[in-house]
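Visitor: Structure file coords34.txt (compact mmCIF, N, CA and C atoms) right here:
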# COMPACT_ATOMS: atom_id res chain seq x y z
N MET A 1 221.95 22.20 -160.78
CA MET A 1 220.63 22.70 -160.54
C MET A 1 220.55 24.10 -161.14
N SER A 2 219.47 24.37 -161.84
CA SER A 2 219.29 25.70 -162.40
C SER A 2 218.17 26.42 -161.66
N TYR A 3 218.31 27.72 -161.61
CA TYR A 3 217.34 28.53 -160.90
C TYR A 3 216.58 29.39 -161.89
N ALA A 4 215.40 29.78 -161.51
CA ALA A 4 214.60 30.67 -162.35
C ALA A 4 215.29 32.03 -162.42
N PRO A 5 215.20 32.68 -163.55
CA PRO A 5 215.83 34.01 -163.67
C PRO A 5 215.14 35.02 -162.76
N ILE A 6 215.92 35.96 -162.31
CA ILE A 6 215.38 37.03 -161.48
C ILE A 6 214.71 38.04 -162.41
N ILE A 7 213.49 38.40 -162.08
CA ILE A 7 212.76 39.35 -162.91
C ILE A 7 212.31 40.53 -162.06
N ALA A 8 212.09 41.63 -162.69
CA ALA A 8 211.58 42.80 -162.00
C ALA A 8 210.06 42.69 -161.93
N PHE A 9 209.51 42.83 -160.75
CA PHE A 9 208.07 42.73 -160.60
C PHE A 9 207.35 44.02 -160.96
N ARG A 10 208.05 45.14 -160.85
CA ARG A 10 207.43 46.41 -161.20
C ARG A 10 207.36 46.51 -162.71
N SER A 11 206.18 46.61 -163.21
CA SER A 11 205.96 46.65 -164.65
C SER A 11 206.42 47.99 -165.23
N ALA A 12 206.85 47.96 -166.48
CA ALA A 12 207.26 49.19 -167.16
C ALA A 12 206.04 50.05 -167.48
N THR A 13 204.88 49.43 -167.62
CA THR A 13 203.67 50.19 -167.88
C THR A 13 202.96 50.46 -166.56
N PRO A 14 202.47 51.67 -166.37
CA PRO A 14 201.83 51.99 -165.10
C PRO A 14 200.55 51.21 -164.90
N ALA A 15 200.25 50.92 -163.65
CA ALA A 15 199.02 50.21 -163.31
C ALA A 15 197.83 51.13 -163.48
N PRO A 16 196.68 50.57 -163.83
CA PRO A 16 195.50 51.43 -163.93
C PRO A 16 195.12 51.98 -162.55
N PRO A 17 194.70 53.22 -162.49
CA PRO A 17 194.37 53.80 -161.19
C PRO A 17 193.15 53.13 -160.56
N SER A 18 193.12 53.14 -159.27
CA SER A 18 191.96 52.59 -158.57
C SER A 18 191.75 53.36 -157.28
N LYS A 19 190.57 53.18 -156.70
CA LYS A 19 190.29 53.83 -155.42
C LYS A 19 191.23 53.31 -154.34
N ALA A 20 191.60 52.04 -154.45
CA ALA A 20 192.51 51.46 -153.46
C ALA A 20 193.86 52.17 -153.48
N HIS A 21 194.32 52.56 -154.65
CA HIS A 21 195.59 53.27 -154.76
C HIS A 21 195.48 54.65 -154.11
N ALA A 22 194.37 55.31 -154.34
CA ALA A 22 194.16 56.62 -153.72
C ALA A 22 194.13 56.49 -152.20
N TRP A 23 193.47 55.47 -151.70
CA TRP A 23 193.42 55.25 -150.25
C TRP A 23 194.80 54.94 -149.69
N GLN A 24 195.60 54.18 -150.42
CA GLN A 24 196.96 53.89 -149.97
C GLN A 24 197.76 55.19 -149.82
N VAL A 25 197.65 56.06 -150.81
CA VAL A 25 198.37 57.33 -150.77
C VAL A 25 197.88 58.18 -149.60
N LEU A 26 196.57 58.27 -149.44
CA LEU A 26 196.02 59.08 -148.35
C LEU A 26 196.36 58.49 -146.98
N ARG A 27 196.40 57.19 -146.87
CA ARG A 27 196.79 56.56 -145.60
C ARG A 27 198.25 56.86 -145.28
N GLU A 28 199.11 56.79 -146.28
CA GLU A 28 200.52 57.13 -146.06
C GLU A 28 200.67 58.60 -145.70
N ALA A 29 199.89 59.46 -146.35
CA ALA A 29 199.94 60.89 -146.05
C ALA A 29 199.45 61.18 -144.63
N SER A 30 198.57 60.34 -144.11
CA SER A 30 198.06 60.56 -142.75
C SER A 30 199.14 60.37 -141.70
N ARG A 31 200.20 59.70 -142.05
CA ARG A 31 201.32 59.52 -141.13
C ARG A 31 202.16 60.79 -141.03
N ILE A 32 201.94 61.71 -141.96
CA ILE A 32 202.65 63.00 -141.95
C ILE A 32 201.70 64.11 -141.50
N GLU A 33 200.52 64.13 -142.07
CA GLU A 33 199.53 65.19 -141.79
C GLU A 33 198.29 64.58 -141.14
N PRO A 34 198.07 64.84 -139.85
CA PRO A 34 196.93 64.24 -139.17
C PRO A 34 195.59 64.87 -139.54
N ASP A 35 195.59 66.12 -140.02
CA ASP A 35 194.34 66.81 -140.35
C ASP A 35 193.80 66.32 -141.69
N GLU A 36 192.62 65.72 -141.66
CA GLU A 36 192.07 65.12 -142.87
C GLU A 36 191.80 66.14 -143.97
N SER A 37 191.25 67.29 -143.63
CA SER A 37 190.94 68.29 -144.66
C SER A 37 192.22 68.82 -145.31
N ALA A 38 193.27 69.01 -144.52
CA ALA A 38 194.56 69.45 -145.08
C ALA A 38 195.15 68.37 -145.98
N ARG A 39 195.00 67.12 -145.57
CA ARG A 39 195.51 65.99 -146.36
C ARG A 39 194.81 65.91 -147.71
N ILE A 40 193.50 66.06 -147.72
CA ILE A 40 192.76 65.98 -148.98
C ILE A 40 193.07 67.18 -149.86
N ALA A 41 193.23 68.35 -149.26
CA ALA A 41 193.61 69.54 -150.04
C ALA A 41 194.97 69.33 -150.68
N TRP A 42 195.92 68.76 -149.93
CA TRP A 42 197.24 68.45 -150.49
C TRP A 42 197.09 67.47 -151.65
N TYR A 43 196.34 66.41 -151.45
CA TYR A 43 196.17 65.36 -152.46
C TYR A 43 195.63 65.94 -153.76
N ARG A 44 194.67 66.83 -153.67
CA ARG A 44 194.01 67.36 -154.87
C ARG A 44 194.70 68.56 -155.49
N ASP A 45 195.31 69.42 -154.66
CA ASP A 45 195.70 70.74 -155.15
C ASP A 45 197.18 71.08 -155.16
N GLU A 46 197.99 70.41 -154.37
CA GLU A 46 199.40 70.80 -154.23
C GLU A 46 200.29 70.06 -155.23
N PRO A 47 200.95 70.79 -156.14
CA PRO A 47 201.88 70.12 -157.05
C PRO A 47 203.12 69.67 -156.29
N ILE A 48 203.62 68.51 -156.66
CA ILE A 48 204.82 67.94 -156.03
C ILE A 48 205.99 68.20 -156.96
N ALA A 49 206.88 69.08 -156.54
CA ALA A 49 208.00 69.49 -157.40
C ALA A 49 208.88 68.30 -157.80
N ALA A 50 209.09 67.39 -156.89
CA ALA A 50 209.96 66.24 -157.17
C ALA A 50 209.33 65.25 -158.17
N LEU A 51 208.04 65.40 -158.41
CA LEU A 51 207.35 64.50 -159.34
C LEU A 51 206.72 65.28 -160.49
N ASP A 52 207.54 66.07 -161.13
CA ASP A 52 207.15 66.82 -162.33
C ASP A 52 206.01 67.81 -162.10
N ARG A 53 205.87 68.29 -160.87
CA ARG A 53 204.86 69.29 -160.50
C ARG A 53 203.43 68.84 -160.73
N HIS A 54 203.21 67.52 -160.67
CA HIS A 54 201.84 66.99 -160.73
C HIS A 54 201.32 66.87 -159.31
N THR A 55 200.00 66.92 -159.17
CA THR A 55 199.41 66.68 -157.85
C THR A 55 199.38 65.17 -157.60
N ALA A 56 199.21 64.80 -156.34
CA ALA A 56 199.11 63.38 -156.00
C ALA A 56 197.92 62.75 -156.71
N GLU A 57 196.82 63.48 -156.79
CA GLU A 57 195.63 62.96 -157.46
C GLU A 57 195.90 62.67 -158.93
N THR A 58 196.59 63.57 -159.61
CA THR A 58 196.93 63.38 -161.02
C THR A 58 197.88 62.19 -161.19
N LEU A 59 198.86 62.10 -160.31
CA LEU A 59 199.81 60.99 -160.40
C LEU A 59 199.13 59.64 -160.19
N VAL A 60 198.22 59.57 -159.24
CA VAL A 60 197.47 58.32 -159.03
C VAL A 60 196.64 58.01 -160.27
N ALA A 61 196.01 59.01 -160.85
CA ALA A 61 195.22 58.80 -162.07
C ALA A 61 196.08 58.33 -163.23
N MET A 62 197.35 58.75 -163.23
CA MET A 62 198.29 58.33 -164.28
C MET A 62 198.85 56.94 -164.02
N GLY A 63 198.53 56.37 -162.85
CA GLY A 63 199.05 55.05 -162.50
C GLY A 63 200.39 55.11 -161.78
N ARG A 64 200.81 56.30 -161.36
CA ARG A 64 202.11 56.48 -160.71
C ARG A 64 201.97 56.58 -159.19
N TYR A 65 201.03 55.84 -158.63
CA TYR A 65 200.81 55.90 -157.19
C TYR A 65 202.02 55.42 -156.40
N THR A 66 202.80 54.49 -156.93
CA THR A 66 203.99 54.03 -156.20
C THR A 66 205.03 55.14 -156.09
N ASP A 67 205.09 56.02 -157.09
CA ASP A 67 205.99 57.18 -157.00
C ASP A 67 205.57 58.10 -155.86
N VAL A 68 204.26 58.29 -155.71
CA VAL A 68 203.76 59.15 -154.64
C VAL A 68 204.04 58.50 -153.28
N LEU A 69 203.82 57.19 -153.18
CA LEU A 69 204.10 56.49 -151.93
C LEU A 69 205.58 56.58 -151.57
N ASP A 70 206.45 56.40 -152.55
CA ASP A 70 207.89 56.52 -152.30
C ASP A 70 208.25 57.94 -151.85
N PHE A 71 207.64 58.94 -152.49
CA PHE A 71 207.87 60.33 -152.11
C PHE A 71 207.46 60.57 -150.66
N LEU A 72 206.27 60.11 -150.29
CA LEU A 72 205.79 60.31 -148.92
C LEU A 72 206.67 59.60 -147.90
N ARG A 73 207.16 58.43 -148.25
CA ARG A 73 208.05 57.71 -147.33
C ARG A 73 209.37 58.44 -147.15
N ARG A 74 209.88 59.05 -148.22
CA ARG A 74 211.10 59.85 -148.10
C ARG A 74 210.86 61.09 -147.23
N VAL A 75 209.69 61.70 -147.38
CA VAL A 75 209.35 62.85 -146.55
C VAL A 75 209.30 62.45 -145.08
N ARG A 76 208.69 61.31 -144.80
CA ARG A 76 208.63 60.82 -143.41
C ARG A 76 210.03 60.63 -142.84
N GLU A 77 210.90 60.05 -143.62
CA GLU A 77 212.28 59.84 -143.16
C GLU A 77 212.97 61.18 -142.93
N ASP A 78 212.80 62.12 -143.87
CA ASP A 78 213.44 63.44 -143.76
C ASP A 78 212.95 64.21 -142.54
N LEU A 79 211.69 64.02 -142.18
CA LEU A 79 211.13 64.71 -141.02
C LEU A 79 211.44 63.99 -139.71
N GLY A 80 212.06 62.83 -139.81
CA GLY A 80 212.38 62.08 -138.60
C GLY A 80 211.19 61.33 -138.04
N LEU A 81 210.17 61.13 -138.84
CA LEU A 81 208.98 60.40 -138.39
C LEU A 81 209.13 58.90 -138.56
N GLU A 82 210.14 58.50 -139.28
CA GLU A 82 210.42 57.07 -139.53
C GLU A 82 211.18 56.52 -138.33
N PRO A 83 210.69 55.46 -137.69
CA PRO A 83 211.41 54.92 -136.53
C PRO A 83 212.76 54.31 -136.94
N SER A 84 213.70 54.35 -136.01
CA SER A 84 215.01 53.73 -136.26
C SER A 84 214.82 52.24 -136.44
N ARG A 85 215.74 51.67 -137.20
CA ARG A 85 215.67 50.23 -137.45
C ARG A 85 216.97 49.57 -137.04
N GLY A 86 216.91 48.29 -136.81
CA GLY A 86 218.12 47.53 -136.50
C GLY A 86 218.39 47.47 -135.01
N PHE A 87 219.57 46.99 -134.66
CA PHE A 87 219.91 46.79 -133.27
C PHE A 87 220.16 48.09 -132.52
N GLY A 88 220.34 49.18 -133.23
CA GLY A 88 220.60 50.46 -132.59
C GLY A 88 219.41 51.01 -131.80
N VAL A 89 218.23 50.41 -131.96
CA VAL A 89 217.05 50.93 -131.27
C VAL A 89 216.96 50.44 -129.83
N PHE A 90 217.79 49.49 -129.45
CA PHE A 90 217.72 48.95 -128.07
C PHE A 90 218.45 49.84 -127.11
Spit out the file's structure as structure tokens when you get a sec.

Guide:
Amino acid sequence: MSYAPIIAFRSATPAPPSKAHAWQVLREASRIEPDESARIAWYRDEPIAALDRHTAETLVAMGRYTDVLDFLRRVREDLGLEPSRGFGVF
């Protein structure tokens, strides 16, 4: 029996930006920053050093929204906002 080859689903070319991508980033950011005005100011104005000093808004426009989502998830973990996983939580 032969199996289909394993392929990478993440395309080498960035996805075109969309409002849905911006909302995904802002929703993920809301898990870190509850204040909406501060969140939007961060999204538009704060360069992210780990992502070539681009703002989240610029990165989403470039199609790199998954990079921003990954960054925000790492920040959540670093701040201890990510819940423990596995059997250790019991």

Visitor: Between atom C of Tyr43 of chain A and atom N of Thr58 of chain A, what is the distance in Å, rounded to a tenth?

Guide: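 Straight-line distance from atom C of Tyr43 of chain A to atom N of Thr58 of chain A works out to 6.4 Å.
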
Visitor: Report, in Å with one decimal, the straight-line distance from atom CA of Leu51 of chain A to atom N of Phe71 of chain A.

Guide: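 We find that atom CA of Leu51 of chain A and atom N of Phe71 of chain A lie 8.8 Å from each other.
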
Visitor: So which residues touch Glu36 of chain A within 12 Å, counting only C-alpha atoms, skipping near sequence neighbours fewer than 6 positions away, as an MDAnalysis selection string?

Guide: chainID A and resid 26:27 29:30 42:43

Visitor: Figure out the distance between atom CA of Glu77 of chain A and atom N of Pro34 of chain A, please, to one decimal in Å.

Guide: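 Those two atoms sit 15.4 Å apart.
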
Visitor: Residues at most 6 Å from Arg44 of chain A, counting only N, CA and C atoms, excluding those fewer than 4 positions away in the same chain, as a ChimeraX atom specification?

Guide: /A:40,55-57

Visitor: Near Lys19 of chain A, counting only C-alpha atoms, which residues have an atom at most 10 Å away, once you skip same-chain residues fewer than 3 positions from it, shown as an NGL selection string?

Guide: :A and (22-25 or 60-61)

Visitor: A:Glu28, A:Glu33, A:Glu46, A:Asp52: which is nearest Asp70 of chain A, counting only C-alpha atoms?

Guide: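 Between A:Glu28, A:Glu33, A:Glu46, A:Asp52, the residue approaching Asp70 of chain A most closely is A:Glu28.
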
Visitor: Pick the closest to Val75 of chain A from A:Ala41, A:Ile32, A:Ala20, A:Ala50: which is it, counting all atoms listed in the file?

Guide: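 Nearest to Val75 of chain A: A:Ile32.
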
Visitor: Using only C-alpha atoms for the distances, tell me which of A:Gly80, A:Arg39, A:Val68, A:Arg74 is nearest to Arg53 of chain A.

Guide: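 Among the listed residues, the smallest separation from Arg53 of chain A belongs to A:Val68.
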